[in-house]
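Novice: This is the content of protein.txt (compact mmCIF, C-alpha atoms):
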```txt
# COMPACT_ATOMS: atom_id res chain seq x y z
CA MET A 1 31.88 -27.34 6.99
CA THR A 2 28.49 -28.43 5.72
CA ASP A 3 25.91 -30.03 7.92
CA THR A 4 24.36 -32.73 5.78
CA SER A 5 22.07 -33.98 8.53
CA VAL A 6 19.75 -30.98 8.09
CA PRO A 7 17.47 -31.06 5.05
CA PRO A 8 17.67 -27.82 3.04
CA MET A 9 13.97 -26.99 3.50
CA THR A 10 14.40 -26.32 7.22
CA THR A 11 17.00 -23.59 6.73
CA ARG A 12 15.91 -20.46 8.55
CA TYR A 13 15.65 -18.07 5.65
CA ASP A 14 13.58 -14.96 6.13
CA ARG A 15 10.07 -15.30 4.81
CA ALA A 16 9.24 -13.78 1.43
CA PRO A 17 7.20 -10.58 1.76
CA GLY A 18 3.48 -11.22 1.44
CA GLU A 19 3.93 -14.89 2.25
CA LYS A 20 1.99 -16.45 5.07
CA SER A 21 4.07 -18.09 7.79
CA SER A 22 4.43 -21.83 7.30
CA PHE A 23 6.61 -22.37 10.36
CA THR A 24 4.60 -21.17 13.33
CA GLU A 25 1.70 -23.59 13.17
CA ALA A 26 3.78 -26.48 11.82
CA GLY A 27 1.85 -27.17 8.65
CA ALA A 28 -1.51 -26.07 10.01
CA GLU A 29 -1.82 -23.57 7.17
CA THR A 30 -4.92 -24.33 5.12
CA PRO A 31 -6.85 -22.28 2.57
CA ARG A 32 -9.60 -21.92 5.16
CA SER A 33 -7.34 -20.26 7.75
CA GLY A 34 -5.98 -18.03 4.98
CA ILE A 35 -9.49 -16.91 4.06
CA ILE A 36 -10.21 -16.17 7.73
CA VAL A 37 -7.14 -13.91 7.98
CA TYR A 38 -8.09 -11.97 4.83
CA THR A 39 -11.71 -11.66 5.98
CA ILE A 40 -10.70 -10.31 9.40
CA GLY A 41 -8.50 -7.76 7.59
CA LEU A 42 -11.37 -6.79 5.28
CA LEU A 43 -13.81 -6.30 8.17
CA LEU A 44 -11.31 -4.23 10.20
CA ALA A 45 -10.51 -2.09 7.16
CA LEU A 46 -14.23 -1.55 6.47
CA ILE A 47 -14.84 -0.52 10.09
CA LEU A 48 -11.88 1.91 10.08
CA THR A 49 -12.99 3.37 6.72
CA ALA A 50 -16.52 3.89 8.04
CA ILE A 51 -15.18 5.62 11.17
CA SER A 52 -12.97 7.85 8.98
CA PHE A 53 -15.94 9.02 6.90
CA TRP A 54 -17.98 9.53 10.08
CA VAL A 55 -15.20 11.56 11.73
CA ALA A 56 -14.92 13.83 8.68
CA ASN A 57 -18.64 14.61 8.71
CA THR A 58 -19.60 14.69 12.37
CA SER A 59 -20.07 17.84 14.42
CA LEU A 60 -19.39 15.99 17.66
CA ILE A 61 -15.62 16.40 17.40
CA TRP A 62 -13.76 19.63 18.04
CA PRO A 63 -12.99 20.73 14.45
CA PRO A 64 -9.23 21.39 14.85
CA GLY A 65 -8.86 17.82 16.14
CA ILE A 66 -10.51 16.14 13.15
CA TRP A 67 -7.38 15.97 10.99
CA LEU A 68 -5.53 14.28 13.84
CA GLY A 69 -8.28 11.68 14.18
CA LEU A 70 -8.21 11.05 10.42
CA ALA A 71 -4.42 10.67 10.47
CA VAL A 72 -4.60 8.15 13.32
CA LEU A 73 -7.35 6.17 11.57
CA ALA A 74 -5.41 6.16 8.30
CA ILE A 75 -2.24 4.88 9.97
CA ALA A 76 -4.27 2.23 11.82
CA GLN A 77 -5.84 1.06 8.55
CA MET A 78 -2.44 0.92 6.84
CA GLY A 79 -1.30 -1.26 9.74
CA VAL A 80 -4.31 -3.55 9.25
CA HIS A 81 -3.46 -3.89 5.54
CA LEU A 82 0.20 -4.65 6.34
CA VAL A 83 -0.64 -7.31 8.91
CA PHE A 84 -3.67 -9.04 7.39
CA PHE A 85 -3.07 -8.60 3.64
CA LEU A 86 0.73 -8.45 3.39
CA HIS A 87 1.32 -10.74 6.42
CA ILE A 88 4.07 -8.54 7.86
CA THR A 89 4.72 -9.71 11.41
CA THR A 90 7.34 -9.17 14.11
CA GLY A 91 8.43 -12.81 13.83
CA PRO A 92 12.12 -13.70 13.52
CA ASP A 93 11.61 -14.91 9.92
CA ASN A 94 10.41 -11.44 8.93
CA THR A 95 13.35 -9.27 10.03
CA ASN A 96 14.48 -8.26 6.54
CA ASN A 97 10.97 -7.26 5.48
CA VAL A 98 10.37 -5.24 8.65
CA LEU A 99 13.77 -3.51 8.44
CA ALA A 100 13.12 -2.44 4.85
CA LEU A 101 9.67 -1.20 5.89
CA ALA A 102 11.12 0.71 8.85
CA PHE A 103 13.71 2.40 6.63
CA GLY A 104 10.98 3.32 4.14
CA MET A 105 8.89 4.83 6.92
CA LEU A 106 11.88 6.86 8.14
CA ILE A 107 12.37 8.37 4.66
CA ILE A 108 8.63 9.04 4.30
CA THR A 109 8.53 10.80 7.66
CA LEU A 110 11.55 12.93 6.73
CA ILE A 111 10.06 13.92 3.36
CA VAL A 112 6.53 14.72 4.57
CA ALA A 113 7.30 16.28 7.96
CA GLY A 114 10.37 18.08 6.61
CA SER A 115 8.48 19.58 3.66
CA LEU A 116 5.56 20.73 5.81
CA TRP A 117 7.88 22.18 8.45
CA ILE A 118 10.16 24.10 6.11
CA MET A 119 7.30 25.42 3.95
CA ALA A 120 5.30 26.53 7.00
CA ASP A 121 8.43 28.25 8.30
CA LEU A 122 9.00 30.04 4.99
CA ASN A 123 5.36 31.11 4.90
CA ALA A 124 5.60 32.51 8.43
CA ASN A 125 8.82 34.40 7.65
CA MET A 126 7.31 36.03 4.58
CA MET A 127 4.60 37.57 6.81
CA MET A 128 2.13 37.77 3.99
CA SER A 129 -1.60 37.54 4.25
CA PRO A 130 -3.11 34.53 2.48
CA GLU A 131 -4.83 36.86 0.00
CA LEU A 132 -1.56 38.51 -1.01
CA MET A 133 0.05 35.06 -1.17
CA ASN A 134 -2.66 33.82 -3.50
CA LEU A 135 -2.27 36.90 -5.69
CA GLN A 136 1.46 36.34 -5.94
CA MET A 137 1.03 32.67 -6.76
CA GLN A 138 -0.96 33.61 -9.86
CA HIS A 139 1.98 35.35 -11.48
CA MET B 1 40.94 -22.91 20.89
CA SER B 2 40.39 -22.56 17.18
CA ILE B 3 37.20 -21.26 15.57
CA ALA B 4 36.57 -24.67 14.08
CA ALA B 5 36.68 -26.22 17.53
CA ILE B 6 34.17 -23.69 18.84
CA TYR B 7 31.96 -24.43 15.86
CA ASP B 8 32.13 -28.14 16.59
CA ASP B 9 30.87 -27.51 20.11
CA LEU B 10 27.74 -25.69 18.87
CA PRO B 11 24.52 -27.70 18.88
CA HIS B 12 23.82 -29.01 15.41
CA ASP B 13 20.25 -30.16 15.83
CA ILE B 14 18.92 -26.67 15.05
CA ALA B 15 18.46 -25.56 11.45
CA PRO B 16 21.43 -23.65 10.01
CA ASP B 17 21.21 -19.91 9.91
CA ALA B 18 20.57 -18.29 6.50
CA SER B 19 24.15 -16.95 6.43
CA GLU B 20 25.56 -20.49 6.57
CA ALA B 21 23.25 -22.01 4.00
CA GLY B 22 24.09 -19.90 0.96
CA PRO B 23 21.71 -17.82 -1.14
CA ALA B 24 18.00 -17.91 -0.37
CA PRO B 25 15.60 -19.50 -2.88
CA LYS B 26 14.75 -17.38 -5.89
CA ARG B 27 11.16 -16.98 -4.72
CA ILE B 28 12.34 -15.12 -1.61
CA VAL B 29 14.98 -13.05 -3.43
CA VAL B 30 12.56 -11.93 -6.17
CA THR B 31 9.70 -10.95 -3.88
CA TYR B 32 12.10 -9.23 -1.48
CA GLY B 33 13.51 -7.19 -4.35
CA PHE B 34 9.98 -6.27 -5.37
CA TRP B 35 9.21 -5.32 -1.75
CA ILE B 36 12.16 -2.86 -1.88
CA PHE B 37 10.80 -1.44 -5.15
CA LEU B 38 7.34 -1.01 -3.60
CA LEU B 39 8.79 0.82 -0.61
CA SER B 40 10.70 3.18 -2.91
CA ASP B 41 7.48 3.68 -4.91
CA ILE B 42 5.73 4.63 -1.66
CA VAL B 43 8.59 7.03 -0.89
CA MET B 44 7.92 8.66 -4.29
CA PHE B 45 4.22 8.92 -3.39
CA SER B 46 5.17 10.55 -0.09
CA ALA B 47 6.82 13.36 -2.08
CA PHE B 48 3.52 13.87 -3.96
CA PHE B 49 1.69 13.81 -0.62
CA ALA B 50 4.09 16.43 0.76
CA ALA B 51 3.58 18.64 -2.32
CA TYR B 52 -0.20 18.33 -1.97
CA ALA B 53 -0.13 19.08 1.77
CA VAL B 54 1.97 22.21 1.18
CA LEU B 55 -0.14 23.50 -1.74
CA ARG B 56 -3.66 22.55 -0.69
CA HIS B 57 -4.69 26.10 0.27
CA GLU B 58 -3.18 27.74 -2.84
CA THR B 59 -6.40 27.68 -4.82
CA ALA B 60 -5.77 30.91 -6.79
CA ASP B 61 -9.40 32.01 -6.10
CA GLY B 62 -10.54 28.83 -7.81
CA PRO B 63 -12.62 26.03 -6.35
CA THR B 64 -11.49 24.43 -3.10
CA GLY B 65 -11.48 20.75 -2.26
CA ALA B 66 -14.65 21.11 -0.19
CA GLU B 67 -16.49 22.44 -3.28
CA LEU B 68 -15.12 19.81 -5.69
CA PHE B 69 -15.01 16.50 -3.85
CA ASN B 70 -18.00 14.17 -3.85
CA GLN B 71 -17.79 11.99 -0.76
CA ALA B 72 -20.26 9.38 -1.99
CA SER B 73 -18.13 8.77 -5.08
CA VAL B 74 -14.97 8.56 -2.95
CA ALA B 75 -16.62 6.07 -0.58
CA LEU B 76 -17.61 3.91 -3.55
CA GLU B 77 -14.06 4.05 -4.96
CA THR B 78 -12.68 3.07 -1.54
CA ILE B 79 -15.04 0.09 -1.28
CA CYS B 80 -14.16 -1.04 -4.83
CA LEU B 81 -10.43 -0.97 -4.18
CA LEU B 82 -10.68 -2.56 -0.72
CA PHE B 83 -12.75 -5.51 -1.98
CA SER B 84 -10.43 -5.76 -4.98
CA SER B 85 -7.49 -6.11 -2.57
CA TYR B 86 -9.46 -8.78 -0.65
CA THR B 87 -10.23 -10.86 -3.75
CA CYS B 88 -6.59 -10.47 -4.80
CA GLY B 89 -5.64 -12.09 -1.48
CA LEU B 90 -8.12 -14.89 -2.15
CA MET B 91 -6.57 -15.30 -5.60
CA SER B 92 -3.14 -15.84 -3.99
CA LEU B 93 -4.71 -18.57 -1.79
CA ALA B 94 -6.26 -20.21 -4.86
CA ILE B 95 -2.86 -20.14 -6.58
CA GLY B 96 -1.27 -21.69 -3.47
CA SER B 97 -3.69 -24.61 -3.62
CA ARG B 98 -3.42 -24.88 -7.45
CA ARG B 99 -7.09 -24.30 -8.18
CA ARG B 100 -7.24 -22.87 -11.67
CA THR B 101 -10.97 -22.05 -11.88
CA LEU B 102 -10.95 -20.27 -8.51
CA THR B 103 -7.84 -18.35 -9.56
CA TYR B 104 -9.55 -17.14 -12.74
CA LEU B 105 -12.72 -16.26 -10.81
CA ALA B 106 -10.87 -14.27 -8.11
CA ALA B 107 -8.73 -12.55 -10.76
CA ALA B 108 -11.84 -11.61 -12.77
CA ILE B 109 -13.50 -10.06 -9.71
CA THR B 110 -10.26 -8.26 -8.80
CA PHE B 111 -10.02 -6.89 -12.35
CA ALA B 112 -13.68 -5.83 -12.45
CA LEU B 113 -13.47 -3.98 -9.13
CA GLY B 114 -10.20 -2.31 -10.13
CA ALA B 115 -11.75 -1.25 -13.44
CA ALA B 116 -14.82 0.11 -11.60
CA PHE B 117 -12.50 2.14 -9.35
CA LEU B 118 -10.72 3.51 -12.39
CA ALA B 119 -13.99 4.36 -14.16
CA LEU B 120 -15.22 6.31 -11.12
CA GLU B 121 -11.91 8.18 -10.91
CA ILE B 122 -11.90 9.05 -14.61
CA ARG B 123 -15.50 10.28 -14.34
CA GLU B 124 -14.50 12.47 -11.39
CA PHE B 125 -11.52 13.91 -13.28
CA ALA B 126 -13.64 14.53 -16.38
CA ASN B 127 -16.29 16.35 -14.32
CA MET B 128 -13.65 18.55 -12.70
CA ILE B 129 -11.99 19.42 -16.00
CA ALA B 130 -15.41 20.11 -17.56
CA ILE B 131 -16.15 22.83 -14.99
CA GLY B 132 -12.73 24.42 -15.55
CA ALA B 133 -11.04 22.91 -12.48
CA GLY B 134 -8.27 21.23 -14.44
CA PRO B 135 -4.68 20.82 -13.27
CA GLN B 136 -3.64 24.11 -14.89
CA HIS B 137 -6.07 26.18 -12.82
CA SER B 138 -4.22 26.37 -9.49
CA ALA B 139 -1.32 24.94 -7.54
CA PHE B 140 -3.81 23.03 -5.39
CA LEU B 141 -5.36 21.36 -8.44
CA SER B 142 -1.94 20.63 -9.99
CA ALA B 143 -0.88 18.83 -6.81
CA PHE B 144 -4.25 17.03 -6.61
CA PHE B 145 -4.12 15.73 -10.18
CA ALA B 146 -0.45 14.75 -9.82
CA LEU B 147 -1.05 12.73 -6.65
CA VAL B 148 -4.39 11.08 -7.46
CA GLY B 149 -3.52 10.74 -11.15
CA CYS B 150 -0.24 8.99 -10.31
CA HIS B 151 -2.17 6.49 -8.21
CA GLY B 152 -4.65 6.02 -11.07
CA VAL B 153 -1.77 5.31 -13.49
CA HIS B 154 -0.49 2.68 -11.06
CA VAL B 155 -3.92 1.05 -10.93
CA THR B 156 -4.04 1.02 -14.74
CA MET B 157 -0.64 -0.67 -14.87
CA GLY B 158 -1.85 -3.19 -12.28
CA LEU B 159 -4.90 -4.06 -14.39
CA ILE B 160 -2.74 -4.61 -17.49
CA TRP B 161 -0.35 -6.72 -15.42
CA LEU B 162 -3.19 -8.83 -14.02
CA ALA B 163 -4.59 -9.48 -17.50
CA ILE B 164 -1.13 -10.56 -18.72
CA MET B 165 -0.72 -12.88 -15.72
CA MET B 166 -4.03 -14.60 -16.47
CA VAL B 167 -2.87 -15.22 -20.05
CA GLN B 168 0.39 -16.66 -18.65
CA ILE B 169 -1.52 -19.04 -16.35
CA ALA B 170 -3.61 -20.14 -19.32
CA THR B 171 -0.60 -20.74 -21.58
CA LYS B 172 2.20 -21.71 -19.15
CA GLY B 173 0.28 -23.05 -16.15
CA PHE B 174 1.40 -22.75 -12.52
CA ARG B 175 5.12 -22.92 -13.09
CA ALA B 176 7.58 -21.34 -10.67
CA VAL B 177 8.29 -18.22 -12.73
CA VAL B 178 4.58 -17.47 -13.17
CA GLU B 179 3.99 -17.95 -9.46
CA ARG B 180 6.79 -15.49 -8.60
CA ARG B 181 5.26 -12.90 -10.90
CA LEU B 182 1.84 -13.45 -9.36
CA ALA B 183 3.34 -13.03 -5.87
CA CYS B 184 4.83 -9.70 -6.98
CA PHE B 185 1.49 -8.64 -8.48
CA THR B 186 -0.28 -9.43 -5.20
CA LEU B 187 2.22 -7.28 -3.29
CA PHE B 188 1.77 -4.46 -5.84
CA TRP B 189 -2.04 -4.54 -5.61
CA HIS B 190 -2.07 -4.51 -1.79
CA ALA B 191 0.45 -1.64 -1.76
CA LEU B 192 -1.82 0.39 -4.08
CA ASP B 193 -4.66 -0.04 -1.60
CA ILE B 194 -2.40 1.17 1.23
CA ILE B 195 -1.59 4.30 -0.80
CA TRP B 196 -5.31 4.82 -1.47
CA VAL B 197 -5.95 4.82 2.30
CA GLY B 198 -3.58 7.78 2.50
CA ILE B 199 -5.24 9.51 -0.46
CA PHE B 200 -8.83 9.24 0.74
CA SER B 201 -7.84 10.32 4.26
CA VAL B 202 -5.46 13.18 3.40
CA VAL B 203 -6.93 14.47 0.13
CA TYR B 204 -10.64 13.80 0.23
CA LEU B 205 -11.61 13.67 3.93
CA MET B 206 -9.17 16.29 5.28
CA GLY B 207 -10.07 18.34 2.18
CA VAL B 208 -13.75 18.63 3.13
CA VAL B 209 -13.01 19.44 6.78
CA PRO B 210 -13.11 23.23 7.21
```
Transcribe the structure of this file into structure tokens.
Specialist:
Amino acid sequence: MTDTSVPPMTTRYDRAPGEKSSFTEAGAETPRSGIIVYTIGLLLALILTAISFWVANTSLIWPPGIWLGLAVLAIAQMGVHLVFFLHITTGPDNTNNVLALAFGMLIITLIVAGSLWIMADLNANMMMSPELMNLQMQH
Amino acid sequence: MSIAAIYDDLPHDIAPDASEAGPAPKRIVVTYGFWIFLLSDIVMFSAFFAAYAVLRHETADGPTGAELFNQASVALETICLLFSSYTCGLMSLAIGSRRRTLTYLAAAITFALGAAFLALEIREFANMIAIGAGPQHSAFLSAFFALVGCHGVHVTMGLIWLAIMMVQIATKGFRAVVERRLACFTLFWHALDIIWVGIFSVVYLMGVVP
């Protein structure tokens, strides 16, 4: 059964990745609003970058906590890039893009966290001093 | 009650769901496929990140990251790539509104900033190799050159791609196939900037923290 009363352009396909939504504001999309979105993203990214460089060089933060701060800032900036530059949203026309992204993030987490965990565990079980370890790595 | 009867009772004033309307337009299929490729590319980068994170203390009595990295140069590279990503976004807007001169202008700025980034990175690599801190010196340096070098290769590919796309606009104009390729390029360029955020945070900034 085909519904001929509905023009094909209004079919609810998912939005192409990187494409700005043309549904939500009902044709209100203009180059000017596009420039505003990119500029907000640029400013947020610049601010987060500046904070990252400040965090790495300041003596105000407890040193063992610095890497955590940098990791949080990096993830925040990646989020800014995804939202303002790649226009990834939680909208219903973006489900496929978000699902692919979520699966990618799962694999990335498994690879990075898994590698760090298993290598740290192996290091601990070998009970070697870092100097000895370095010596062995040279051969 | 048959399925057809249930279907007839459904409201028909709403737009049909994608599953009822057949395949999506090529523009959506192509960019979605490229999105999957980009995510798998980022998964590959995550393996390089994991290798670097595991090996970053294995300096084999050679120079450490804190001794090698120049933060001013890294900040400049970051600014270059970030503004390059921004002008790339503006280029996609210019393409959307069919403005050829603006497209060329935005593409030229994107290319120049990307090339400046690459020049800074090559200078950094050359300086490191000149003082004997090449990739063969230690596991830390091998992982560093693999990760940052792989990103640099991607940027080089992106610059070549951008140049080819400008030639295609000049010779073919804004036809659908050229627009799809440009949409893929925009995704690629933004993704490279996302990976660079990880590199400057994990490699350069965490590397100088004691």
Novice: Enter the distance from CA of Arg180 (chain B) to CA of Thr31 (chain B), in Å, rounded to one decimal.
Specialist: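 Atom-to-atom, CA of Arg180 (chain B) to CA of Thr31 (chain B), that is 7.2 Å.
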Novice: Name all residues at most 12 Å from region 145-149 of chain B (count all atoms listed in the file; drop same-chain ones fewer than 6 positions away) and give them as JSON, numbers by chain.
Specialist: {"B": [42, 44, 45, 46, 47, 48, 49, 50, 51, 52, 53, 55, 56, 65, 74, 118, 121, 122, 124, 125, 126, 128, 129, 133, 134, 135, 136, 137, 138, 139, 155, 156, 192, 195, 196, 197, 198, 199, 200, 202, 203, 204]}
Novice: Compare A:Ile61, A:Leu48, A:Met119, A:Ile40 by their minimum atom-to-atom distance to chain B, counting all atoms listed in the file, and give me the closest one.
Specialist: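 The shortest atom-to-atom distance to chain B comes from A:Met119.
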Novice: Report, in Å to a single decimal, how far apart CA of Ile75 (chain A) and CA of Leu159 (chain B) are.
Specialist: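 Rounded to one decimal, the two atoms are 26.1 Å apart.
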Novice: Compute the set of chain A residues within 8 Å of chain B, using all atoms listed in the file, and express it as a ChimeraX atom specification.
Specialist: /A:3,6,10-18,31,34-35,38-39,42,45-46,52-53,56-57,63,66-67,70-71,74,77-78,81,85-86,97,100-101,104,107-108,111-113,115-116,119-120,134-135,137-138
Novice: To one decimal place, how far is CA of Phe174 (chain B) from CA of Arg98 (chain B) in Å?
Specialist: 7.3 Å
Novice: Dump region 90-118 of chain B with N, CA and C atoms to a file, as a compact mmCIF listing (two decimals), in the first residue's frame.
Specialist:
```txt
# COMPACT_ATOMS: atom_id res chain seq x y z
N LEU B 90 32.24 26.90 7.55
CA LEU B 90 31.73 28.03 6.77
C LEU B 90 31.69 27.68 5.29
N MET B 91 32.70 26.90 4.84
CA MET B 91 32.70 26.47 3.43
C MET B 91 31.45 25.63 3.13
N SER B 92 31.07 24.73 4.08
CA SER B 92 29.88 23.91 3.81
C SER B 92 28.63 24.79 3.74
N LEU B 93 28.59 25.90 4.52
CA LEU B 93 27.46 26.83 4.42
C LEU B 93 27.45 27.52 3.05
N ALA B 94 28.65 27.93 2.59
CA ALA B 94 28.75 28.60 1.29
C ALA B 94 28.32 27.66 0.17
N ILE B 95 28.67 26.37 0.31
CA ILE B 95 28.24 25.40 -0.70
C ILE B 95 26.72 25.26 -0.67
N GLY B 96 26.15 25.23 0.56
CA GLY B 96 24.70 25.10 0.70
C GLY B 96 23.95 26.23 0.03
N SER B 97 24.53 27.45 0.06
CA SER B 97 23.84 28.57 -0.57
C SER B 97 24.42 28.88 -1.95
N ARG B 98 25.23 27.93 -2.50
CA ARG B 98 25.69 28.02 -3.89
C ARG B 98 26.51 29.28 -4.18
N ARG B 99 27.33 29.69 -3.23
CA ARG B 99 28.16 30.87 -3.50
C ARG B 99 29.57 30.41 -3.80
N ARG B 100 29.95 30.49 -5.07
CA ARG B 100 31.19 29.92 -5.54
C ARG B 100 32.41 30.65 -4.98
N THR B 101 32.38 32.00 -5.03
CA THR B 101 33.54 32.77 -4.57
C THR B 101 33.80 32.52 -3.09
N LEU B 102 32.71 32.55 -2.28
CA LEU B 102 32.87 32.30 -0.85
C LEU B 102 33.39 30.89 -0.59
N THR B 103 32.92 29.93 -1.39
CA THR B 103 33.40 28.55 -1.23
C THR B 103 34.90 28.49 -1.45
N TYR B 104 35.36 29.12 -2.56
CA TYR B 104 36.80 29.11 -2.85
C TYR B 104 37.59 29.80 -1.73
N LEU B 105 37.05 30.93 -1.25
CA LEU B 105 37.74 31.69 -0.21
C LEU B 105 37.88 30.85 1.06
N ALA B 106 36.74 30.25 1.52
CA ALA B 106 36.77 29.45 2.74
C ALA B 106 37.68 28.24 2.57
N ALA B 107 37.64 27.62 1.36
CA ALA B 107 38.50 26.46 1.12
C ALA B 107 39.97 26.87 1.14
N ALA B 108 40.28 28.05 0.59
CA ALA B 108 41.67 28.50 0.57
C ALA B 108 42.18 28.73 1.99
N ILE B 109 41.34 29.34 2.84
CA ILE B 109 41.76 29.58 4.23
C ILE B 109 41.92 28.24 4.95
N THR B 110 40.95 27.33 4.73
CA THR B 110 41.04 26.00 5.35
C THR B 110 42.34 25.32 4.95
N PHE B 111 42.67 25.38 3.65
CA PHE B 111 43.88 24.74 3.15
C PHE B 111 45.12 25.38 3.77
N ALA B 112 45.14 26.73 3.81
CA ALA B 112 46.32 27.43 4.32
C ALA B 112 46.55 27.08 5.79
N LEU B 113 45.48 27.06 6.59
CA LEU B 113 45.63 26.75 8.01
C LEU B 113 46.06 25.30 8.21
N GLY B 114 45.48 24.40 7.41
CA GLY B 114 45.89 22.99 7.50
C GLY B 114 47.35 22.82 7.12
N ALA B 115 47.79 23.55 6.08
CA ALA B 115 49.19 23.46 5.66
C ALA B 115 50.10 24.04 6.73
N ALA B 116 49.66 25.13 7.40
CA ALA B 116 50.47 25.72 8.48
C ALA B 116 50.62 24.72 9.63
N PHE B 117 49.51 24.04 9.95
CA PHE B 117 49.56 23.00 10.99
C PHE B 117 50.60 21.95 10.63
N LEU B 118 50.53 21.50 9.37
CA LEU B 118 51.43 20.44 8.93
C LEU B 118 52.89 20.90 8.96
```
